[in-house]
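Peer 1: So that we are looking at the same thing, I have put the structure below in C-alpha cells.
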Amino acid sequence: MAPLHLHGEASHGLLRALRPQATRRAAAVGGAAAAVAVAFALGAGARSAVVVLLLLSALVVAIAQQTLP
Amino acid sequence: MIYVIMGSHVRRNEAGSNWKRNGVAFTAASIVSGATAGAALGAIGGHLADGRRSTLVVLLAALGVVLGLLESIGKTPRLPQRSCETPQSLMRGGALRAAIRNGSILGVGATSRLGFWLWYVVPLGSLLTGSTLGGACVYGVYATARGLGPWMLIPTMRLLARRVATGFEGGSLWLLGQNALARRVAGFQLVLLGLMGVIGFGR
C-alpha cells in the first residue's frame, strides 16, 4: 500500500506545480494566435488570416488531442 | 500511443532505445497518411465552384463560432465521433508494425477519438482549400504535430518521473488533467477561425 500512497501524493504535487505554468503557456499561444490573426486582417487581408488560422488550428487540435484519455 | 511505441512487451520505465525506432516509424506513417488524406480531400474540393466554396466556408465558419463558444464555456454539444481506444489487435504484429499502423490511424484521426470540434476544421479545411497541395499542407500540419507527439511526451514524462518520482503514469495523469484547459483553447481557436472565415469570405 505504501508505494501507491506515495505515488498519489507525488502526482498531486506534480499537478499543483505544473498547472499555472501550463495555463500561462496556453494563454500565450492563444494571445499569439489572436495577434497573428489581427495583423494579417489589417495587413494582407482577412483571407490570408483564415489560411494562417487554419494551419494554426490544425496544430492546436493535434496538441489538444494529446490530453484525451 | 505512447505505450504502443514503447512496446507492450516492455515494462514501464524500463523501455530501451527501441522506442526511438518505433517513434520514427510512427511519425513517418502519421505524416504520410495525413498528407495523403489531405491531398485527396483537396483534390475533391477542387471540383467545387469558387462561389459555392465561399458560401460553404461562411456557413461552416458561422457554425464554428457557435460550436467554439459552447466548447470554450464547457457546454460542448455531442461530437459525432467513433470514440474508441487504440485497438489491442494493433499490438499483435510486433512493436514496429504497431507503431506504423498506429501512426497511420492517428495521422488521419477520423477513426480514433476526436475529442474536439476543432478537429473537423482539418478535413473540412483541406477540402475547402480546393487544391491538392493546400489540402496536403493543412492535413500535413495536423499529422506532423500528432506524429511528433511521442518525441516530446516520452522524454518529458521520463524526466518528470525521475524528478518528481511519480512513475511514468504521473506524467500521463498530468496530461489528462489538462483536458479542460485544452478544450477552452480549442474552443477559442474555433471561434477565432470562424469569425475570420465569416469576415474574409462573407463579403
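Quick note on naming: the chains in the C-alpha cells go A, B, ... in the order shown, residues restart at 1 in each chain, and ligands are numbered from 1 in order of appearance.
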Would you mind listing, as number ranges by chain, all residues of chain B that have at least one atom within 7 Å of chain A, where only C-alpha atoms are what counts?
Peer 2: B: 115, 118-119, 122, 125, 138, 141-142, 145-146, 164-166, 170, 174-176, 178-179, 182, 185-186, 189, 193, 196-197, 199-201
Peer 1: Quick one: everything within 8 Å of Ala43 of chain B, counting only C-alpha atoms, minus sequence neighbours fewer than 4 positions away in the same chain. Send it as a PyMOL selection string.
Peer 2: chain B and resi 39+47+127+130-132+135
Peer 1: Selection from above, N, CA and C atoms, as a PDB file, in the first residue's frame, can you write it?
Peer 2:
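Generated output (part.pdb):
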```pdb
ATOM      1  N   ALA B  39      -4.381  15.643 -49.334  1.00  0.00           N
ATOM      2  CA  ALA B  39      -4.244  15.841 -50.786  1.00  0.00           C
ATOM      3  C   ALA B  39      -5.496  15.333 -51.502  1.00  0.00           C
ATOM      4  N   HIS B  47     -13.128  20.378 -57.282  1.00  0.00           N
ATOM      5  CA  HIS B  47     -14.261  20.242 -58.210  1.00  0.00           C
ATOM      6  C   HIS B  47     -15.423  21.161 -57.845  1.00  0.00           C
ATOM      7  N   LEU B 127     -10.468  20.145 -47.583  1.00  0.00           N
ATOM      8  CA  LEU B 127     -11.424  20.060 -48.700  1.00  0.00           C
ATOM      9  C   LEU B 127     -11.636  21.433 -49.332  1.00  0.00           C
ATOM     10  N   GLY B 130      -9.427  23.442 -51.879  1.00  0.00           N
ATOM     11  CA  GLY B 130      -9.674  23.202 -53.306  1.00  0.00           C
ATOM     12  C   GLY B 130      -8.430  22.877 -54.101  1.00  0.00           C
ATOM     13  N   SER B 131      -7.350  22.566 -53.411  1.00  0.00           N
ATOM     14  CA  SER B 131      -6.125  22.186 -54.136  1.00  0.00           C
ATOM     15  C   SER B 131      -5.430  21.027 -53.426  1.00  0.00           C
ATOM     16  N   THR B 132      -4.780  20.205 -54.219  1.00  0.00           N
ATOM     17  CA  THR B 132      -4.085  19.032 -53.669  1.00  0.00           C
ATOM     18  C   THR B 132      -3.001  19.467 -52.684  1.00  0.00           C
ATOM     19  N   GLY B 135      -4.543  21.090 -49.462  1.00  0.00           N
ATOM     20  CA  GLY B 135      -5.088  20.050 -48.585  1.00  0.00           C
ATOM     21  C   GLY B 135      -3.996  19.265 -47.881  1.00  0.00           C
TER      22      GLY B 135
END
```
Peer 1: Skipping near chain neighbours, those fewer than 3 positions away, what residues fall within 8 Å of Gly23 of chain B using only C-alpha atoms, listed as an mmCIF file with C-alpha atoms, in the first residue's frame?
Peer 2:
```
data_model
loop_
_atom_site.group_PDB
_atom_site.id
_atom_site.type_symbol
_atom_site.label_atom_id
_atom_site.label_comp_id
_atom_site.auth_asym_id
_atom_site.auth_seq_id
_atom_site.Cartn_x
_atom_site.Cartn_y
_atom_site.Cartn_z
ATOM 1 C CA ILE B 5 5.519 2.991 -29.374
ATOM 2 C CA TRP B 19 11.144 3.362 -28.762
ATOM 3 C CA LYS B 20 13.142 5.742 -30.970
ATOM 4 C CA PHE B 26 5.117 6.267 -36.060
ATOM 5 C CA THR B 27 5.968 9.844 -37.094
ATOM 6 C CA ALA B 99 3.768 1.903 -34.384
ATOM 7 C CA PRO B 150 5.900 10.908 -28.708
ATOM 8 C CA TRP B 151 9.200 12.789 -29.223
#
```
Peer 1: Return as a ChimeraX atom specification the full set of residues in chain B whose backbone-based DSSP assignment is alpha helix (DSSP H).
Peer 2: /B:2-6,18-45,50-72,95-108,121-129,132-147,149-164,168-177,179-201
Peer 1: Would you compute the distance between atom CA of Ser112 of chain B and atom CA of Thr156 of chain B? Give it in Å to one decimal.
Peer 2: 24.1 Å
Peer 1: When you count only C-alpha atoms, which of these residues is closest to Ala28 of chain B: B:Leu181, B:Ala110, B:Gly187, B:Asn102?
Peer 2: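 The shortest atom-to-atom distance to Ala28 of chain B comes from B:Asn102.
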Peer 1: Mind giving me the straight-line distance from atom CA of Gly103 of chain B to atom CA of Leu60 of chain B in Å, one decimal?
Peer 2: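 That distance, rounded to one decimal, is 28.7 Å.
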Peer 1: Report, in Å with one decimal, the straight-line distance from atom CA of Gly31 of chain A to atom CA of Thr129 of chain B.
Peer 2: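 Computing it gives 25.7 Å between the two atoms.
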Peer 1: Could you list, as an NGL selection string, every residue within 9 Å of segment 74-91 of chain B, counting only C-alpha atoms and ignoring same-chain residues fewer than 3 positions away?
Peer 2: (:A and (69)) or (:B and (1 or 4 or 7-8 or 67-71 or 94-95 or 97-99 or 101-102 or 110-117 or 180 or 183-184))
